Structures are given as structure tokens and as C-alpha cells.
$ cat target.cif   # mmCIF, C-alpha atoms
data_target
loop_
_atom_site.label_atom_id
_atom_site.label_comp_id
_atom_site.auth_asym_id
_atom_site.auth_seq_id
_atom_site.Cartn_x
_atom_site.Cartn_y
_atom_site.Cartn_z
CA MET A 1 -19.73 -18.72 8.83
CA HIS A 2 -18.42 -15.66 7.07
CA GLU A 3 -16.86 -15.50 3.66
CA ILE A 4 -13.12 -15.92 3.19
CA ILE A 5 -11.45 -15.02 -0.09
CA GLU A 6 -8.01 -16.18 -1.18
CA VAL A 7 -5.97 -13.40 -2.67
CA GLY A 8 -2.48 -13.27 -4.13
CA LEU A 9 -0.62 -9.99 -4.07
CA THR A 10 2.95 -8.82 -4.26
CA VAL A 11 4.11 -6.51 -1.49
CA ASN A 12 7.45 -4.76 -1.93
CA GLY A 13 8.44 -7.42 -4.43
CA ARG A 14 7.49 -10.41 -2.26
CA PRO A 15 4.50 -12.55 -3.25
CA HIS A 16 1.91 -13.30 -0.56
CA GLU A 17 -1.04 -15.71 -0.62
CA LEU A 18 -3.58 -14.63 1.98
CA ARG A 19 -6.99 -15.79 3.16
CA ILE A 20 -8.90 -12.67 4.07
CA GLU A 21 -12.39 -11.40 4.75
CA PRO A 22 -13.83 -9.12 2.05
CA ARG A 23 -14.25 -6.34 4.61
CA GLU A 24 -10.54 -6.14 5.42
CA THR A 25 -8.90 -2.98 4.15
CA LEU A 26 -5.46 -2.98 2.59
CA GLY A 27 -4.27 -0.96 5.57
CA GLU A 28 -5.46 -3.65 8.00
CA VAL A 29 -3.87 -6.43 5.99
CA LEU A 30 -0.54 -4.64 5.58
CA ARG A 31 -0.31 -3.55 9.21
CA ASP A 32 -1.94 -6.43 11.09
CA ARG A 33 -1.14 -9.47 8.93
CA LEU A 34 2.16 -8.44 7.30
CA ALA A 35 3.47 -6.19 10.11
CA LEU A 36 4.19 -3.35 7.71
CA THR A 37 3.40 -0.52 10.11
CA GLY A 38 5.04 2.30 8.19
CA LEU A 39 1.68 3.39 6.86
CA LYS A 40 -0.43 5.20 9.47
CA VAL A 41 -4.19 5.03 9.55
CA SER A 42 -5.08 8.47 10.85
CA CYS A 43 -8.26 10.11 9.54
CA ASP A 44 -9.60 6.79 8.18
CA SER A 45 -11.52 8.75 5.54
CA GLN A 46 -9.10 9.35 2.65
CA VAL A 47 -8.44 12.94 3.60
CA CYS A 48 -5.07 13.01 5.39
CA GLY A 49 -2.84 10.79 3.23
CA ALA A 50 -0.93 9.17 6.12
CA CYS A 51 -1.90 5.68 4.90
CA THR A 52 -0.83 6.23 1.28
CA VAL A 53 0.58 3.15 -0.46
CA LEU A 54 1.06 2.41 -4.14
CA VAL A 55 -1.01 -0.22 -5.95
CA ASP A 56 0.39 -0.92 -9.41
CA GLY A 57 2.22 2.39 -9.11
CA LEU A 58 -0.84 4.47 -8.19
CA ALA A 59 -1.23 6.17 -4.82
CA VAL A 60 -4.29 5.03 -2.87
CA SER A 61 -5.53 5.38 0.70
CA ALA A 62 -4.97 1.98 2.33
CA CYS A 63 -7.64 2.89 4.93
CA THR A 64 -10.42 2.85 2.33
CA TYR A 65 -9.14 0.35 -0.22
CA LEU A 66 -10.38 -3.21 0.10
CA ALA A 67 -7.51 -5.69 0.28
CA VAL A 68 -9.46 -8.00 -2.02
CA ASP A 69 -9.13 -5.32 -4.71
CA ALA A 70 -5.34 -5.74 -4.52
CA ASP A 71 -5.71 -9.37 -5.65
CA GLY A 72 -3.19 -9.95 -8.43
CA ARG A 73 -1.64 -6.53 -7.98
CA SER A 74 1.67 -5.13 -6.84
CA VAL A 75 1.69 -3.10 -3.62
CA ARG A 76 4.50 -0.86 -2.44
CA THR A 77 4.86 0.59 1.04
CA VAL A 78 7.45 2.87 2.62
CA GLU A 79 9.32 -0.23 3.82
CA GLY A 80 10.00 -1.09 0.17
CA LEU A 81 11.70 2.17 -0.79
CA ALA A 82 15.22 1.70 0.58
CA VAL A 83 17.16 -1.23 -0.88
CA ASP A 84 19.78 -2.88 1.36
CA GLY A 85 19.67 0.13 3.64
CA ARG A 86 20.35 2.55 0.78
CA LEU A 87 17.85 5.37 0.88
CA THR A 88 16.20 6.57 -2.31
CA PRO A 89 17.14 10.09 -3.44
CA LEU A 90 13.73 11.20 -2.21
CA GLN A 91 14.26 9.79 1.28
CA GLN A 92 17.71 11.37 1.45
CA ALA A 93 16.28 14.70 0.31
CA PHE A 94 13.67 14.55 3.11
CA ILE A 95 16.53 14.25 5.62
CA ASP A 96 18.64 16.94 3.97
CA HIS A 97 15.74 19.41 3.90
CA ALA A 98 14.34 18.56 7.37
CA ALA A 99 11.06 17.68 5.63
CA PHE A 100 9.56 16.10 8.75
CA GLN A 101 9.25 16.79 12.43
CA CYS A 102 6.83 14.37 14.12
CA ALA A 103 7.00 12.21 10.96
CA PHE A 104 3.49 10.80 11.23
CA CYS A 105 2.72 12.00 7.69
CA THR A 106 6.13 11.11 6.27
CA SER A 107 5.54 7.62 4.92
CA GLY A 108 2.47 8.88 3.09
CA MET A 109 4.32 11.92 1.77
CA LEU A 110 7.15 9.68 0.53
CA MET A 111 4.79 7.31 -1.26
CA THR A 112 2.76 10.08 -2.89
CA ALA A 113 5.94 11.84 -3.98
CA THR A 114 7.46 8.57 -5.21
CA ALA A 115 4.49 7.99 -7.51
CA LEU A 116 4.56 11.63 -8.59
CA LEU A 117 8.25 11.49 -9.55
CA GLU A 118 7.87 8.18 -11.36
CA GLU A 119 5.15 9.72 -13.52
CA ASN A 120 6.76 13.12 -13.85
CA PRO A 121 10.52 13.03 -13.16
CA ALA A 122 10.96 16.80 -13.61
CA PRO A 123 7.91 18.44 -12.00
CA THR A 124 7.48 22.17 -11.54
CA ARG A 125 7.01 23.52 -8.02
CA GLU A 126 3.32 24.02 -8.79
CA GLU A 127 2.97 20.41 -9.95
CA VAL A 128 4.53 19.19 -6.71
CA VAL A 129 2.22 21.39 -4.64
CA THR A 130 -0.82 20.16 -6.58
CA GLY A 131 0.35 16.54 -6.39
CA LEU A 132 0.85 16.66 -2.62
CA GLU A 133 -2.23 18.70 -1.74
CA GLY A 134 -4.05 15.62 -0.45
CA ASN A 135 -1.32 14.82 2.09
CA LEU A 136 -1.63 16.78 5.31
CA CYS A 137 1.29 17.80 7.51
CA ARG A 138 0.79 19.67 10.76
CA CYS A 139 4.47 20.36 11.51
CA THR A 140 6.51 21.58 8.59
CA GLY A 141 4.36 24.12 6.80
CA TYR A 142 4.96 22.06 3.64
CA ALA A 143 7.73 24.22 2.17
CA PRO A 144 10.57 21.85 3.20
CA ILE A 145 8.61 18.89 1.81
CA VAL A 146 8.15 20.56 -1.58
CA ASP A 147 11.82 21.59 -1.53
CA ALA A 148 12.81 17.98 -0.84
CA VAL A 149 10.74 16.57 -3.70
CA LEU A 150 12.21 19.11 -6.12
CA ALA A 151 15.72 18.39 -4.82
CA ALA A 152 15.18 14.65 -5.29
CA ALA A 153 14.05 15.25 -8.87
CA ALA A 154 17.16 17.36 -9.51
CA ALA A 155 19.46 14.80 -7.87
CA THR A 156 18.00 11.96 -9.93
CA ALA A 157 18.30 13.99 -13.14
CA GLU A 158 21.94 14.74 -12.31
CA ALA A 159 22.72 11.12 -11.52
CA THR A 160 21.29 9.90 -14.80
CA ALA A 161 22.67 12.72 -16.96
CA MET B 1 -13.61 -2.45 11.01
CA ILE B 2 -16.17 -2.34 8.27
CA PRO B 3 -19.17 -4.58 9.12
CA ARG B 4 -19.06 -7.97 7.39
CA PHE B 5 -20.24 -8.41 3.81
CA SER B 6 -19.65 -10.91 1.05
CA TYR B 7 -17.99 -9.89 -2.18
CA SER B 8 -19.01 -10.77 -5.70
CA ARG B 9 -16.78 -10.10 -8.70
CA PRO B 10 -18.87 -10.55 -11.87
CA ARG B 11 -17.28 -10.37 -15.31
CA SER B 12 -20.38 -9.35 -17.26
CA LEU B 13 -23.47 -7.21 -16.77
CA GLY B 14 -25.59 -10.35 -16.87
CA ASP B 15 -23.60 -11.91 -14.04
CA ALA B 16 -23.86 -8.65 -12.08
CA PHE B 17 -27.67 -8.55 -12.41
CA HIS B 18 -27.78 -12.18 -11.36
CA ALA B 19 -25.60 -11.49 -8.32
CA HIS B 20 -27.80 -8.54 -7.37
CA ALA B 21 -30.99 -10.57 -7.66
CA ALA B 22 -29.48 -13.19 -5.36
CA THR B 23 -29.09 -10.66 -2.53
CA ASP B 24 -32.83 -10.06 -2.06
CA GLY B 25 -32.35 -6.33 -2.14
CA GLU B 26 -29.52 -6.33 0.38
CA GLY B 27 -26.74 -5.96 -2.16
CA ALA B 28 -25.04 -2.89 -3.53
CA TYR B 29 -22.90 -2.30 -6.58
CA VAL B 30 -19.46 -0.89 -5.88
CA VAL B 31 -16.55 0.29 -8.00
CA GLY B 32 -13.84 2.34 -6.28
CA GLY B 33 -15.66 2.35 -2.96
CA THR B 34 -14.38 5.82 -2.05
CA GLU B 35 -17.88 6.88 -1.03
CA LEU B 36 -19.59 3.59 -0.21
CA LEU B 37 -16.90 2.23 2.11
CA GLN B 38 -16.98 5.50 4.07
CA VAL B 39 -20.68 5.29 4.82
CA MET B 40 -20.33 1.61 5.70
CA LYS B 41 -17.49 2.44 8.11
CA MET B 42 -19.64 5.09 9.73
CA GLY B 43 -22.53 2.65 10.07
CA LEU B 44 -24.80 4.79 7.89
CA ALA B 45 -25.41 1.95 5.44
CA GLN B 46 -25.01 -1.79 5.59
CA PHE B 47 -25.09 -4.32 2.76
CA ARG B 48 -25.00 -8.09 2.84
CA THR B 49 -23.16 -8.26 -0.45
CA LEU B 50 -21.04 -5.84 -2.43
CA ILE B 51 -21.00 -6.50 -6.16
CA ASP B 52 -17.76 -5.20 -7.63
CA LEU B 53 -18.26 -3.90 -11.18
CA LYS B 54 -14.57 -3.22 -11.95
CA GLY B 55 -14.09 -6.55 -13.71
CA ILE B 56 -16.73 -5.82 -16.37
CA ALA B 57 -14.80 -4.80 -19.48
CA GLU B 58 -17.60 -2.87 -21.17
CA LEU B 59 -17.82 -0.43 -18.25
CA HIS B 60 -14.33 0.85 -18.99
CA GLY B 61 -13.00 3.13 -21.67
CA ILE B 62 -13.38 6.56 -23.21
CA GLU B 63 -14.42 7.15 -26.82
CA VAL B 64 -15.98 9.73 -29.12
CA LEU B 65 -18.99 8.35 -30.97
CA ALA B 66 -19.75 9.06 -34.64
CA ASP B 67 -22.02 12.00 -33.75
CA GLY B 68 -19.33 13.61 -31.59
CA THR B 69 -20.76 12.45 -28.27
CA LEU B 70 -18.10 11.77 -25.65
CA ARG B 71 -18.81 8.41 -24.03
CA ILE B 72 -17.05 7.65 -20.75
CA GLY B 73 -17.46 4.18 -19.27
CA ALA B 74 -18.81 4.25 -15.73
CA CYS B 75 -15.79 2.46 -14.25
CA THR B 76 -13.33 4.98 -15.67
CA THR B 77 -11.38 6.50 -12.78
CA HIS B 78 -11.13 10.23 -12.25
CA ARG B 79 -7.40 9.95 -12.92
CA GLN B 80 -7.93 8.21 -16.25
CA ILE B 81 -10.27 11.02 -17.31
CA GLU B 82 -7.82 13.65 -16.07
CA ARG B 83 -5.06 12.18 -18.24
CA SER B 84 -7.09 11.15 -21.28
CA PRO B 85 -6.06 12.84 -24.56
CA ILE B 86 -9.58 12.17 -25.84
CA VAL B 87 -11.14 14.13 -22.96
CA ALA B 88 -8.52 16.88 -23.27
CA ALA B 89 -9.56 17.36 -26.90
CA SER B 90 -13.31 16.81 -26.56
CA LEU B 91 -14.17 18.29 -23.14
CA PRO B 92 -11.11 20.07 -21.70
CA GLY B 93 -13.11 21.49 -18.80
CA LEU B 94 -13.68 17.97 -17.49
CA ALA B 95 -9.97 17.11 -17.59
CA GLU B 96 -9.26 20.30 -15.64
CA LEU B 97 -12.05 19.52 -13.16
CA GLU B 98 -10.71 16.03 -12.55
CA LEU B 99 -7.18 17.34 -11.89
CA HIS B 100 -8.58 19.25 -8.91
CA LEU B 101 -11.12 16.70 -7.66
CA ALA B 102 -10.55 15.65 -4.02
CA ASN B 103 -6.98 14.30 -3.90
CA VAL B 104 -4.81 12.05 -6.04
CA ARG B 105 -5.71 8.90 -4.09
CA VAL B 106 -9.42 9.41 -4.52
CA ARG B 107 -8.83 10.15 -8.22
CA ASN B 108 -6.83 6.94 -8.66
CA GLN B 109 -9.57 4.83 -7.07
CA GLY B 110 -12.87 6.63 -7.54
CA THR B 111 -14.83 6.55 -10.77
CA ILE B 112 -17.10 8.87 -12.70
CA GLY B 113 -19.97 6.36 -12.51
CA GLY B 114 -19.60 5.84 -8.80
CA ASN B 115 -19.47 9.57 -8.19
CA LEU B 116 -22.71 10.22 -10.09
CA ALA B 117 -24.55 7.19 -8.72
CA PHE B 118 -23.68 8.08 -5.12
CA ALA B 119 -25.11 11.59 -5.69
CA GLU B 120 -23.17 13.31 -2.94
CA PRO B 121 -24.43 16.93 -3.07
CA HIS B 122 -20.88 18.26 -3.30
CA SER B 123 -20.04 16.38 -6.50
CA ASP B 124 -17.81 18.21 -8.97
CA PRO B 125 -18.74 16.11 -12.03
CA ALA B 126 -22.51 16.30 -11.52
CA THR B 127 -22.54 20.10 -11.53
CA PHE B 128 -20.34 20.45 -14.60
CA LEU B 129 -22.04 17.64 -16.54
CA LEU B 130 -25.40 19.25 -15.86
CA ALA B 131 -24.23 22.42 -17.62
CA CYS B 132 -22.95 20.23 -20.47
CA ASP B 133 -26.42 18.66 -20.91
CA ALA B 134 -24.91 15.23 -20.32
CA ARG B 135 -26.86 12.01 -19.86
CA VAL B 136 -26.17 8.78 -18.03
CA GLU B 137 -26.81 5.38 -19.55
CA LEU B 138 -28.43 2.80 -17.29
CA ALA B 139 -28.70 -0.93 -17.93
CA SER B 140 -31.00 -3.46 -16.32
CA PRO B 141 -32.16 -6.96 -17.25
CA ALA B 142 -35.04 -5.21 -19.06
CA GLY B 143 -32.78 -3.17 -21.30
CA ARG B 144 -31.08 0.19 -21.46
CA ARG B 145 -32.20 3.78 -21.06
CA THR B 146 -30.52 7.15 -20.90
CA VAL B 147 -31.43 9.85 -18.41
CA ALA B 148 -30.46 13.53 -18.29
CA ILE B 149 -28.34 14.48 -15.28
CA ASP B 150 -31.09 16.63 -13.76
CA GLU B 151 -33.55 13.74 -14.04
CA PHE B 152 -30.98 11.38 -12.58
CA VAL B 153 -29.80 13.22 -9.47
CA LEU B 154 -33.02 13.79 -7.54
CA GLY B 155 -31.78 14.57 -4.05
CA PRO B 156 -28.85 14.16 -1.69
CA LEU B 157 -27.57 10.58 -2.14
CA TYR B 158 -30.72 9.87 -4.14
CA THR B 159 -31.05 9.16 -7.86
CA SER B 160 -33.62 7.76 -10.28
CA ARG B 161 -31.53 4.60 -10.70
CA GLU B 162 -33.50 1.47 -9.80
CA PRO B 163 -31.71 -0.79 -7.29
CA GLU B 164 -30.84 -3.45 -9.87
CA GLU B 165 -29.85 -0.95 -12.55
CA ILE B 166 -26.21 -0.34 -13.38
CA LEU B 167 -24.93 3.04 -14.51
CA THR B 168 -22.90 2.00 -17.56
CA ALA B 169 -21.67 5.24 -19.12
CA VAL B 170 -21.79 9.02 -19.18
CA LEU B 171 -22.69 10.62 -22.51
CA VAL B 172 -21.68 14.22 -23.18
CA PRO B 173 -22.87 15.89 -26.38
CA PRO B 174 -20.28 17.83 -28.39
CA ALA B 175 -20.05 21.57 -27.80
CA GLY B 176 -20.63 22.18 -31.48
CA LYS B 177 -19.32 25.06 -33.53
CA GLY B 178 -18.67 28.07 -31.35
CA GLY B 179 -19.48 26.10 -28.21
CA GLY B 180 -17.55 25.94 -24.97
CA ARG B 181 -17.98 24.55 -21.45
CA GLY B 182 -16.31 25.82 -18.27
CA TYR B 183 -16.33 25.01 -14.56
CA ALA B 184 -15.16 26.91 -11.50
CA LYS B 185 -15.35 26.09 -7.81
CA ALA B 186 -14.30 27.27 -4.39
CA LYS B 187 -13.27 24.65 -1.87
CA PHE B 188 -12.01 24.78 1.67
CA PHE B 189 -12.10 21.04 2.37
CA GLU B 190 -11.99 17.99 0.10
CA ARG B 191 -15.22 18.81 -1.66
CA PRO B 192 -16.37 22.02 -3.30
CA ALA B 193 -18.18 24.60 -1.19
CA VAL B 194 -19.72 26.25 -4.24
CA ALA B 195 -19.39 25.27 -7.89
CA VAL B 196 -20.64 26.75 -11.15
CA GLY B 197 -20.75 25.23 -14.63
CA VAL B 198 -21.33 27.27 -17.78
CA ALA B 199 -21.94 26.09 -21.33
CA LEU B 200 -22.33 28.67 -24.07
CA THR B 201 -22.36 29.03 -27.82
CA VAL B 202 -20.89 31.99 -29.67
CA VAL B 203 -22.01 33.07 -33.13
CA ASP B 204 -20.56 36.16 -34.81
CA ARG B 205 -18.85 37.19 -31.56
CA VAL B 206 -22.07 37.19 -29.55
CA VAL B 207 -23.25 34.62 -26.99
CA VAL B 208 -26.42 33.15 -28.51
CA SER B 209 -27.22 30.41 -25.98
CA ALA B 210 -26.11 29.43 -22.49
CA ARG B 211 -26.69 26.95 -19.68
CA VAL B 212 -25.64 27.69 -16.12
CA SER B 213 -25.51 25.05 -13.40
CA LEU B 214 -24.89 25.53 -9.73
CA GLY B 215 -23.69 22.86 -7.37
CA SER B 216 -22.75 22.14 -3.75
CA ILE B 217 -24.63 25.22 -2.57
CA THR B 218 -28.04 23.49 -2.64
CA GLU B 219 -29.02 19.87 -2.04
CA VAL B 220 -28.85 18.92 -5.71
CA PRO B 221 -27.02 20.50 -8.62
CA MET B 222 -29.47 22.76 -10.41
CA LEU B 223 -29.79 24.69 -13.62
CA VAL B 224 -30.31 28.43 -13.20
CA PRO B 225 -32.11 29.60 -16.37
CA ALA B 226 -32.26 33.21 -15.18
CA ALA B 227 -28.48 33.34 -14.92
CA ALA B 228 -28.11 31.69 -18.33
CA ALA B 229 -30.49 34.21 -19.87
CA GLY B 230 -28.27 36.98 -18.54
CA LEU B 231 -25.32 35.67 -20.55
CA VAL B 232 -27.20 35.52 -23.84
CA GLY B 233 -26.56 38.59 -25.95
CA ALA B 234 -23.25 39.38 -24.28
CA ALA B 235 -20.37 40.23 -26.57
CA ALA B 236 -17.91 37.36 -26.72
CA ASP B 237 -14.96 39.12 -25.16
CA PRO B 238 -13.77 38.49 -21.60
CA ALA B 239 -14.63 41.91 -20.17
CA SER B 240 -18.15 42.02 -21.62
CA LEU B 241 -18.91 38.42 -20.69
CA ALA B 242 -17.63 38.81 -17.13
CA ALA B 243 -19.73 41.95 -16.71
CA ALA B 244 -22.83 40.19 -18.02
CA ALA B 245 -22.19 37.25 -15.69
CA ARG B 246 -21.76 39.55 -12.71
CA ILE B 247 -25.03 41.34 -13.43
CA ALA B 248 -26.88 38.09 -14.12
CA ALA B 249 -25.68 36.55 -10.86
CA ALA B 250 -26.72 39.56 -8.79
CA SER B 251 -30.38 38.90 -9.53
CA ALA B 252 -30.45 35.18 -10.40
CA PHE B 253 -28.59 34.06 -7.27
CA ALA B 254 -30.15 36.56 -4.84
CA ASP B 255 -32.92 34.24 -3.64
CA LEU B 256 -30.90 31.07 -3.80
CA ASP B 257 -31.74 28.63 -1.02
CA ALA B 258 -28.18 28.24 0.27
CA VAL B 259 -27.51 26.81 3.72
CA ASP B 260 -25.19 28.03 6.44
CA ASP B 261 -22.66 25.32 7.24
CA LEU B 262 -18.94 24.73 7.69
CA ASN B 263 -18.41 25.66 4.06
CA GLY B 264 -19.61 29.17 4.78
CA ALA B 265 -22.60 31.38 5.47
CA ALA B 266 -25.42 31.42 2.94
CA ASP B 267 -24.71 35.04 1.95
CA TYR B 268 -21.06 34.26 1.43
CA LYS B 269 -21.90 31.28 -0.76
CA ARG B 270 -24.18 33.40 -2.91
CA HIS B 271 -21.35 35.90 -3.25
CA LEU B 272 -18.95 33.12 -4.25
CA ALA B 273 -21.42 31.87 -6.85
CA GLY B 274 -21.40 35.35 -8.37
CA VAL B 275 -17.62 35.28 -8.63
CA LEU B 276 -17.42 31.72 -9.89
CA ILE B 277 -19.96 32.21 -12.68
CA GLN B 278 -17.59 34.78 -14.17
CA GLN B 279 -14.65 32.36 -14.02
CA ALA B 280 -16.67 29.49 -15.46
CA ALA B 281 -18.03 31.71 -18.25
CA LEU B 282 -14.53 32.85 -19.20
CA ALA B 283 -13.31 29.24 -19.23
CA ALA B 284 -16.21 28.35 -21.53
CA LEU B 285 -15.40 31.34 -23.74
CA THR B 286 -11.80 30.15 -24.08
CA GLU B 287 -13.01 26.82 -25.48
CA ALA B 288 -15.67 28.50 -27.64
CA THR B 289 -13.29 30.99 -29.24
CA PRO B 290 -9.88 29.28 -29.19
CA HIS B 291 -8.31 31.59 -31.76
CA ALA B 292 -9.69 34.85 -30.44
#

$ encode --input "target.cif" --output "C-alpha cells"
Amino acid sequence: MHEIIEVGLTVNGRPHELRIEPRETLGEVLRDRLALTGLKVSCDSQVCGACTVLVDGLAVSACTYLAVDADGRSVRTVEGLAVDGRLTPLQQAFIDHAAFQCAFCTSGMLMTATALLEENPAPTREEVVTGLEGNLCRCTGYAPIVDAVLAAAAATAEATA
Amino acid sequence: MIPRFSYSRPRSLGDAFHAHAATDGEGAYVVGGTELLQVMKMGLAQFRTLIDLKGIAELHGIEVLADGTLRIGACTTHRQIERSPIVAASLPGLAELELHLANVRVRNQGTIGGNLAFAEPHSDPATFLLACDARVELASPAGRRTVAIDEFVLGPLYTSREPEEILTAVLVPPAGKGGGRGYAKAKFFERPAVAVGVALTVVDRVVVSARVSLGSITEVPMLVPAAAAGLVGAAADPASLAAAARIAAASAFADLDAVDDLNGAADYKRHLAGVLIQQAALAALTEATPHA
């Protein structure tokens, strides 16, 4: 008989009570139990960033984060960004700047950049490059992604001015 | 999936020791898990129980003690150190190091205590803290002790921590008047390929003492007294110090037991060390002579 732990976590604003094994990662719980497949488990070693989700506003690799550690915390995934089909300025900027091709990295890029902009609404280009350096993209060459994050910051500043 | 284990979430050191004793040596302490969960996934280590130390309040927090020592709780994340005003004022080189450690996700989850206790040979903090003459504080049911970094990290993934002991804090002495600490690294992947730490003290515009540490290039971070000796006596201006560092590295690093691997050829790593010691020395000089 293996150990089961009851955890309570909020995912994209919705509370969930789950009975999980300690060994289950947040990525496994989100994808396999809650059917939130936007995050991609790719390298499975915290290097590529494709599985990035936010836990209490901080970017983490869902592939190497125990779900039990999210007990009592608030988790956000790419599915939680758009509200009623309305894209966030960041998502819109990714479309406008063609900041993805195959899109396998995109949900991770969006989550990392979302956390970055929430902490630092007016980043410099260098701060965006540094902030995203742990998210790998094999299609775009990164420039359109950095452009999109800076454009989203500018659009948000304009909208709130 | 990660092989099965049970999970214990103690709220005090006493409860953690108790939980560890109950595992008959098959338990491991864990904090962020950024290193431990990887080796468990790969099947390189297996534990019946993981004992999560994050819920123990006294393992968190950053403070400067009365004697100027910077005390960082073991469960402080890399990101918390990176953004701490206390660290920025007391040990700016560490804040800068943390900003460039691995990636933002690892920094949000991984901790200074976990990093040191895991003793991965390519650890940024271990190399820099060695130059800073830092110590780690260890607690066990028998009491507490502090250990210098070079007596703590003994080999790759191997430390002088006893299995039941918990690394509770990192203690960094103040630089003192005219003192500064700097760190520089080259990295091609997530972890540094070569890293150099320099601590020095300047009196009357001359370097009067120095410590030089070297990391990632050998199996454990190491002090290089010959390189440090080469910095002593240098005039405390960037051009003179860089020249002294370059000359010191040429001899002190020549016989270094570097290995050829994906991070580069041994000769190339020795070359990099000679470049990085100059950068680290200049960073230390900036802290030592802020108004120069």
C-alpha cells in the first residue's frame, strides 16, 4: 500500500481537492488528472522551459516540482491567461510579432514572460533576454519573442496611462 | 515517473530528526528538489522517504548578525537571495551570482542550502563562498557545529554532513574595511564550465591580502593560494590588478588538473580561468574601493 496525500490547490482560479502520490509531479497532475495539456514536458530536467507554470506567481518547471509542494498554493497555466476568449496583451503580441512557429515552447515562454512582466512591467531589452534565457526555442531565433514581450509591456503601459 | 517514496513535512528541526531516524537510513532531506528529484528520475538514487524541510521556519530568512556576518537560512531560494536588499548591501557579488544561476525556474525553487549540500561540482555558490571564507552551520540531535566550505565539500556530490545532520544556514564574514569579493564564470550550458572567486583587501591603494577560489574545472571547488599570492602587492587600480591576475594565473593555473569534457578541453579551461580571475578580481576591487 503506497502513501496517498490529500492536497488542495487552486488552478487558474478554480479550487481542486486531489488525492495524489508524493512522487507525482505538478506536470503529471496538471496534464493527466486535470487535462491541462498546454504545458509540455520536453527535457524533463528543468533546462528547456516548455513546462513552465506559475506557482504563487513564480515560474517553476512543472516537470521537476512535486505536486504535493503546491498544496495550499495558487497555480496558473497557459489555459488561465485568456479570459472569456480575450487574449492577454502578451498573447496578442506573440501573434502580432510571429513569436512562434512550431509553438512547442510557446506556453512556457508565455508563462515565464507573464511572471516577468508582473514583476517588472517596463523591462529593458536586456532584462527580457536575461529573464527568458532559461526558455529554449528552436524555431524563432528569439528576436521575435523578445520583441513581443517588449511590445506587450508597451501596450499595457499605454492602456493604463 | 519518479520511483515511489513517502513524504514527510516536519515543522521543526526536532520533528525532522525524528522523521529521519524513522527511515532507518533510507530517508533524505529535500528542499527545492531541483537536484534530488533529477537523480531520482534518472534512477541514480532512491529513497524510501523524502523529508521536506521547507516548512521549518528557522531555516528561512536573511540577516546580518551583530559582528557583520551575513547569515542566510538554508531554505532561502536563489531568487530570494538575488532580490534581497540585505544581500545587495552586504555581499553584492552573491546577488549578482544568483541572478545568473541556472534559470529563473531553478532560482525560484532551488535553495542555497540544497545547492551546497548536494555538492554538484559545477556549483556557483560553493566556488564564490569558498573565496569569501564562508561557513555552513549544521544541526543534529547532538547539537550544532559550523564547518568551512572547503571542509564541507569533500568531493563530487560528497560532503562532511552526517546523514541525519541538517544544513541550517550559510555564514559569510563581512569583507571588512577595504575588502571586496567578486565572482566570474563562463558557461555554455546550465551550469558553469569554469568559475573563479576572488576576495581581496585593499589598504592604502595596495592589495594586502587575497583569496582565490576555482570551481567547476576540478571535482571540488578549491582555493589556489599561489594565484592569491600573485594578487598581493598589486596596486589597487584596474589595470595593475588585471595585469597581476594575468601573470599569477599563468603560473598558478598551468598545472591545474582540469578534465576534457563537453564544457571544453582542459587547456581551454585553464585559459578561461586566467581570463575569469581578472574579471573576478576587478569585481572584488569595485566593492573594495567603491569611491575610487

$ closest_residue --input "target.cif" --among "B:Ala88, B:Phe118, B:Gly73, B:Arg181" --to "Gln38 (chain B)" --atoms "only C-alpha atoms"
B:Phe118

$ atom_distance --input "target.cif" --atom1 "CA of Phe253 (chain B)" --atom2 "CA of Val232 (chain B)"
16.7 Å

$ residues_around --input "target.cif" --residues "His16 (chain A)" --least-positions-apart "2" --cutoff "10 Å" --atoms "only C-alpha atoms" --output "list in words"
Val7, Gly8, Leu9, Thr10, Val11, Gly13, Arg14, Leu18, Arg19, Leu34, Asp71 and Gly72 of chain A

$ atom_distance --input "target.cif" --atom1 "CA of Leu130 (chain B)" --atom2 "CA of Gly131 (chain A)"
27.6 Å

$ resolve_selection --input "target.cif" --expression "the PyMOL selection byres ((chain A) within 8 of (chain B))" --output "PyMOL selection string"
chain A and resi 2-3+21-24+45-47+52+58-61+64-65+131+133-134

$ atom_distance --input "target.cif" --atom1 "CA of Tyr268 (chain B)" --atom2 "CA of Val196 (chain B)"
14.7 Å

$ residues_around --input "target.cif" --residues "Arg211 (chain B)" --least-positions-apart "2" --cutoff "7 Å" --atoms "only C-alpha atoms" --output "PyMOL selection string"
chain B and resi 131+198-200+213+225+228

$ resolve_selection --input "target.cif" --expression "the PyMOL selection byres ((chain B and resi 124) around 12)" --output "number ranges by chain"
B: 78, 93-102, 112, 115-116, 119-123, 125-131, 183-187, 190-197, 213-217, 220-221

$ resolve_selection --input "target.cif" --expression "the PyMOL selection byres ((chain B and resi 171) around 8)" --output "VMD selection string"
chain B and resid 69 to 72 134 to 137 169 to 170 172 to 173

$ residues_around --input "target.cif" --residues "region 143-152 of chain A" --least-positions-apart "4" --cutoff "9 Å" --atoms "all atoms listed in the file" --output "NGL selection string"
:A and (88-100 or 109-110 or 113-114 or 117 or 122-125 or 128-129 or 132 or 156-157)
